[in-house]
Structure formats: C-alpha cells, structure tokens
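A.B. asks: I have a structure I would like to understand better, so I am pasting it below and will then ask my questions one at a time.
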Amino acid sequence: MKNLYLRKAKINDSKFLLKLYNLGVEENLFKNKKKISLIEHNKWFKSSLKSKLIKIFICKKKNLKIGYIKLNIFRQNSSYISIIIKPTFRKNNIGSFFLNKVCKDYFKSSRNQYIFAEVLKKNKNSKNFFKKNKFKSIKVSNNLSEIFNKKNYLFVRKK
C-alpha cells in the first residue's frame, strides 16, 4: 500500500498514544475500562520505551500518525499484540497491512514463534480482523491463564 509506513515509537509520541488508547477505552475495545491520565501514561510510556520486553510502533500514512501496534514479549518464544487505528482509517485494509508487516518483520528478527491476540467476546470486528490476518482461534490453556482471560477470545499466529 502506498504512503504507509511504520516506525518505532519515540518519546514525543506519548500524547498520541494516550489519546488513541483512551479512545479505545471509550469504544470498549480493551479489557481496561478506565481512561488513563497523562501522568500515569507518561510514566508507563517512558519505561516501555526503555524495556526490551515491549515494542511499540507508530503507524503512519504519509506524515500523519494513524495508529499504533504494541508487542509485549513474554516467556522465551512468545509475544502478544495489540493494535488500534484511528476510526477514519479503519475498514480499508490499512490495519491488516500494518499488522502483517509487524508480524512478518518480528518473526524474521526474533526467536519468537508465536504472537497472541486477546479479543473481548463482544468485539466482533476485532475477532474477524485477526481471523482474516492468519491468526487462529485457540482456547486459553491453564499455562496461559495467568496472562490471558479465559472469558475472552484468544488468537495465535505461528512463525
């Protein structure tokens, strides 16, 4: 797709991420039901940028920030992913483009074998989105229940 690219998040992306995250909370897209304050977010964001276990990518169309993707690495061979795209850029395969790019690049550059995505039961759009993008639905096993909620859908994409 033309004029679409990813880059690693930088400190000056903090307010953009916060605004988009809180929009996702308003739209009931996330497990968390409470908006986050700027102070709380900045503390998390600064530590996330330094962490080797969290990767955050900004999705851009031309020079416009339109979304972000976050990978959280757990165990030695797995990550879980979350993605949010501004509403005006949804439903036109832009999210699929970015998700597939991150997955492909991440599998190529890491030892990770699995990327998981947790989706709320009521979020049918996200469920269909991950299915469309090579993620397979699985049950939350006991060894994953400390990370994922058994009441939600869990999807996995293998290397």
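Convention: chains lettered A, B, ... in structure tokens order; per-chain residue numbering from 1; ligands numbered from 1 as shown.
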Would you please give, as a VMD selection string, all residues of range 31-157 of chain A that DSSP assigns to helix (DSSP H, G or I) based on the backbone?
C.D. replies: chain A and resid 38 to 50 87 to 89 94 to 109 124 to 132 142 to 144
A.B. asks: Go through range 57-139 of chain A and collect every residue that DSSP, computed from the backbone, puts in strand (DSSP E); the answer should be as a ChimeraX atom specification.
C.D. replies: /A:57-61,64-74,78-85,114-119,136-138
A.B. asks: Could you check the closest approach to Gly95 in chain A for each of A:Leu17, A:Leu144, A:Leu53, A:Ile83 and tell me which residue wins, using only C-alpha atoms?
C.D. replies: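 Going through A:Leu17, A:Leu144, A:Leu53, A:Ile83 one by one, the smallest distance to Gly95 in chain A is for A:Ile83.
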A.B. asks: Residues within 12 Å of Lys91 in chain A, please, as a count of residues only. Count only C-alpha atoms; anything in the same chain fewer than 6 positions from it doesn't count.
C.D. replies: 6
A.B. asks: Write out as a list of chain:residue names the residues lying within 6 Å of range 147-152 of chain A, counting only C-alpha atoms and excluding same-chain residues fewer than 4 positions away.
C.D. replies: A:Val119, A:Leu120, A:Lys121, A:Val140
A.B. asks: Export, as a JSON list (two decimals), in the first residue's frame, the selected residues with all heavy atoms.
C.D. replies:
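So result03.json came out as:
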```
[["chain", "number", "residue", "atom", "x", "y", "z"],
["A", 119, "VAL", "N", -8.98, -10.88, 22.47],
["A", 119, "VAL", "CA", -10.08, -10.06, 21.98],
["A", 119, "VAL", "C", -11.29, -10.26, 22.89],
["A", 119, "VAL", "O", -11.66, -11.40, 23.20],
["A", 119, "VAL", "CB", -10.46, -10.45, 20.52],
["A", 119, "VAL", "CG1", -11.65, -9.67, 20.05],
["A", 119, "VAL", "CG2", -9.26, -10.24, 19.60],
["A", 120, "LEU", "N", -11.91, -9.16, 23.29],
["A", 120, "LEU", "CA", -13.13, -9.24, 24.09],
["A", 120, "LEU", "C", -14.23, -9.95, 23.30],
["A", 120, "LEU", "O", -14.35, -9.76, 22.08],
["A", 120, "LEU", "CB", -13.62, -7.84, 24.47],
["A", 120, "LEU", "CG", -12.69, -6.99, 25.33],
["A", 120, "LEU", "CD1", -13.29, -5.59, 25.52],
["A", 120, "LEU", "CD2", -12.45, -7.64, 26.67],
["A", 121, "LYS", "N", -15.03, -10.76, 23.98],
["A", 121, "LYS", "CA", -16.10, -11.53, 23.30],
["A", 121, "LYS", "C", -17.03, -10.62, 22.50],
["A", 121, "LYS", "O", -17.47, -10.98, 21.41],
["A", 121, "LYS", "CB", -16.92, -12.32, 24.32],
["A", 121, "LYS", "CG", -16.20, -13.47, 24.93],
["A", 121, "LYS", "CD", -16.44, -14.73, 24.19],
["A", 121, "LYS", "CE", -15.78, -15.88, 24.95],
["A", 121, "LYS", "NZ", -15.73, -17.08, 24.21],
["A", 140, "VAL", "N", -7.87, -20.68, 25.91],
["A", 140, "VAL", "CA", -6.86, -20.26, 26.88],
["A", 140, "VAL", "C", -6.55, -21.46, 27.77],
["A", 140, "VAL", "O", -7.39, -21.89, 28.55],
["A", 140, "VAL", "CB", -7.34, -19.06, 27.72],
["A", 140, "VAL", "CG1", -6.30, -18.68, 28.76],
["A", 140, "VAL", "CG2", -7.68, -17.87, 26.83]]
```
A.B. asks: For Lys101 in chain A, find every residue with an atom within 12 Å (counting only C-alpha atoms), except residues of its own chain fewer than 2 positions away, and show them as an mmCIF file with C-alpha atoms, in the first residue's frame.
C.D. replies:
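The resulting file, part-v1.cif, is reproduced below:
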```
data_model
loop_
_atom_site.group_PDB
_atom_site.id
_atom_site.type_symbol
_atom_site.label_atom_id
_atom_site.label_comp_id
_atom_site.auth_asym_id
_atom_site.auth_seq_id
_atom_site.Cartn_x
_atom_site.Cartn_y
_atom_site.Cartn_z
ATOM 1 C CA MET A 1 0.000 0.000 0.000
ATOM 2 C CA LEU A 4 2.097 3.704 4.601
ATOM 3 C CA TYR A 5 4.980 3.048 6.924
ATOM 4 C CA LEU A 6 5.911 2.060 10.459
ATOM 5 C CA ARG A 7 8.468 3.452 12.805
ATOM 6 C CA PHE A 57 5.322 1.013 16.538
ATOM 7 C CA CYS A 59 1.518 3.532 12.010
ATOM 8 C CA ILE A 69 0.857 -1.516 17.404
ATOM 9 C CA ILE A 94 -4.717 -0.396 6.433
ATOM 10 C CA GLY A 95 -4.810 -2.184 9.795
ATOM 11 C CA SER A 96 -4.179 -5.504 8.033
ATOM 12 C CA PHE A 97 -1.225 -4.030 6.187
ATOM 13 C CA PHE A 98 0.397 -2.822 9.419
ATOM 14 C CA LEU A 99 -0.417 -5.971 11.420
ATOM 15 C CA CYS A 103 4.254 -9.889 12.380
ATOM 16 C CA LYS A 104 6.452 -10.688 9.391
ATOM 17 C CA ASP A 105 9.280 -8.382 10.477
ATOM 18 C CA TYR A 106 9.086 -9.523 14.076
ATOM 19 C CA PHE A 107 9.197 -13.231 13.241
ATOM 20 C CA LYS A 108 12.153 -12.575 10.951
ATOM 21 C CA ASN A 133 -4.971 -11.917 9.168
#
```
A.B. asks: With only C-alpha atoms as the atoms that count, which of A:Asn142, A:Lys134, A:Lys8, A:Asn3 lies nearest to Leu64 in chain A?
C.D. replies: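 Ranking A:Asn142, A:Lys134, A:Lys8, A:Asn3 by distance to Leu64 in chain A, first place goes to A:Asn3.
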A.B. asks: Contacts of range 32-48 of chain A at 10 Å or less, counting only C-alpha atoms, minus same-chain residues fewer than 4 places along, as a PyMOL selection string?
C.D. replies: chain A and resi 9-11+13-15+17-19+21-28+52-56+72
A.B. asks: For the selection just defined, write its residues with N, CA, C and O atoms to a file, as a CSV table (one decimal), in the first residue's frame.
C.D. replies:
```csv
chain,number,residue,atom,x,y,z
A,9,ALA,N,8.2,3.8,18.2
A,9,ALA,CA,7.7,5.0,18.9
A,9,ALA,C,8.8,5.8,19.6
A,9,ALA,O,9.9,5.2,19.9
A,10,LYS,N,8.6,7.1,19.7
A,10,LYS,CA,9.6,8.0,20.3
A,10,LYS,C,8.9,8.7,21.5
A,10,LYS,O,7.6,8.7,21.5
A,11,ILE,N,9.6,9.3,22.3
A,11,ILE,CA,9.0,10.0,23.5
A,11,ILE,C,8.0,11.0,23.1
A,11,ILE,O,7.0,11.2,23.8
A,13,ASP,N,5.8,10.8,21.0
A,13,ASP,CA,4.5,10.1,20.6
A,13,ASP,C,3.6,9.9,21.7
A,13,ASP,O,2.5,9.3,21.6
A,14,SER,N,4.0,10.2,22.9
A,14,SER,CA,3.3,9.9,24.1
A,14,SER,C,1.8,10.3,24.1
A,14,SER,O,0.9,9.6,24.4
A,15,LYS,N,1.6,11.6,23.8
A,15,LYS,CA,0.2,12.1,23.8
A,15,LYS,C,-0.7,11.5,22.7
A,15,LYS,O,-1.9,11.2,22.9
A,17,LEU,N,-0.4,8.4,21.6
A,17,LEU,CA,-0.7,7.0,22.1
A,17,LEU,C,-1.8,7.1,23.2
A,17,LEU,O,-2.8,6.3,23.2
A,18,LEU,N,-1.6,8.0,24.1
A,18,LEU,CA,-2.6,8.2,25.2
A,18,LEU,C,-4.0,8.5,24.6
A,18,LEU,O,-5.0,7.9,25.0
A,19,LYS,N,-4.1,9.4,23.7
A,19,LYS,CA,-5.4,9.8,23.1
A,19,LYS,C,-6.0,8.6,22.4
A,19,LYS,O,-7.2,8.4,22.5
A,21,TYR,N,-5.3,5.4,22.9
A,21,TYR,CA,-5.7,4.4,23.9
A,21,TYR,C,-7.0,4.7,24.6
A,21,TYR,O,-7.9,3.9,24.7
A,22,ASN,N,-7.1,6.0,25.0
A,22,ASN,CA,-8.4,6.4,25.7
A,22,ASN,C,-9.6,6.3,24.8
A,22,ASN,O,-10.7,6.0,25.2
A,23,LEU,N,-9.4,6.5,23.5
A,23,LEU,CA,-10.5,6.4,22.5
A,23,LEU,C,-10.9,4.9,22.5
A,23,LEU,O,-12.1,4.6,22.5
A,24,GLY,N,-9.9,4.0,22.5
A,24,GLY,CA,-10.2,2.6,22.5
A,24,GLY,C,-10.9,2.1,23.8
A,24,GLY,O,-11.8,1.3,23.7
A,25,VAL,N,-10.6,2.8,24.9
A,25,VAL,CA,-11.4,2.5,26.2
A,25,VAL,C,-12.8,3.0,26.0
A,25,VAL,O,-13.7,2.2,26.4
A,26,GLU,N,-13.0,4.2,25.5
A,26,GLU,CA,-14.4,4.7,25.2
A,26,GLU,C,-15.2,3.8,24.3
A,26,GLU,O,-16.4,3.6,24.5
A,27,GLU,N,-14.5,3.2,23.3
A,27,GLU,CA,-15.2,2.4,22.4
A,27,GLU,C,-15.3,0.9,22.9
A,27,GLU,O,-15.8,0.0,22.1
A,28,ASN,N,-14.9,0.7,24.1
A,28,ASN,CA,-15.0,-0.7,24.7
A,28,ASN,C,-14.2,-1.7,23.9
A,28,ASN,O,-14.6,-2.9,23.7
A,52,LYS,N,13.1,-4.0,27.0
A,52,LYS,CA,13.4,-4.9,26.0
A,52,LYS,C,12.2,-5.9,25.8
A,52,LYS,O,12.2,-6.7,24.8
A,53,LEU,N,11.2,-5.8,26.6
A,53,LEU,CA,10.0,-6.7,26.5
A,53,LEU,C,8.8,-6.0,25.9
A,53,LEU,O,7.8,-6.7,25.7
A,54,ILE,N,8.9,-4.8,25.6
A,54,ILE,CA,7.8,-4.0,24.9
A,54,ILE,C,8.3,-3.3,23.7
A,54,ILE,O,9.3,-2.6,23.7
A,55,LYS,N,7.6,-3.5,22.6
A,55,LYS,CA,7.9,-2.9,21.3
A,55,LYS,C,6.7,-2.1,20.9
A,55,LYS,O,5.6,-2.7,20.7
A,56,ILE,N,6.8,-0.8,20.6
A,56,ILE,CA,5.7,0.0,20.2
A,56,ILE,C,6.1,0.6,18.8
A,56,ILE,O,7.1,1.2,18.7
A,72,ASN,N,4.1,-7.1,23.4
A,72,ASN,CA,4.6,-7.5,24.7
A,72,ASN,C,5.2,-8.8,24.6
A,72,ASN,O,4.5,-9.8,24.3
```
A.B. asks: Pick the closest to Ile66 in chain A from A:Ser51, A:Ser79, A:Ser109, A:Thr88: which is it, counting only C-alpha atoms?
C.D. replies: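 When distances to Ile66 in chain A are compared using only C-alpha atoms, the smallest one comes from A:Thr88.
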A.B. asks: Could you tell me which of A:Leu154, A:Lys86, A:Asn100, A:Lys70 comes closest to Ser141 in chain A if we count only C-alpha atoms?
C.D. replies: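 Ranked by minimum distance to Ser141 in chain A, first place goes to A:Leu154.
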A.B. asks: Pick from A:Lys139, A:Asn63, A:Arg111, A:Leu20: nearest to Pro87 in chain A, with only C-alpha atoms counted?
C.D. replies: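 Counting only C-alpha atoms, the residue closest to Pro87 in chain A is A:Leu20.
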A.B. asks: For Asn93 in chain A, which residue out of A:Ser78, A:Lys132, A:Asn143, A:Glu118 is the nearest one, using only C-alpha atoms?
C.D. replies: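 Among A:Ser78, A:Lys132, A:Asn143, A:Glu118, it is A:Lys132 that comes nearest to Asn93 in chain A.
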A.B. asks: What is the CA of Phe116 in chain A-CA of Arg157 in chain A distance in Å, reported with one decimal?
C.D. replies: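 Those two atoms sit 6.5 Å apart.
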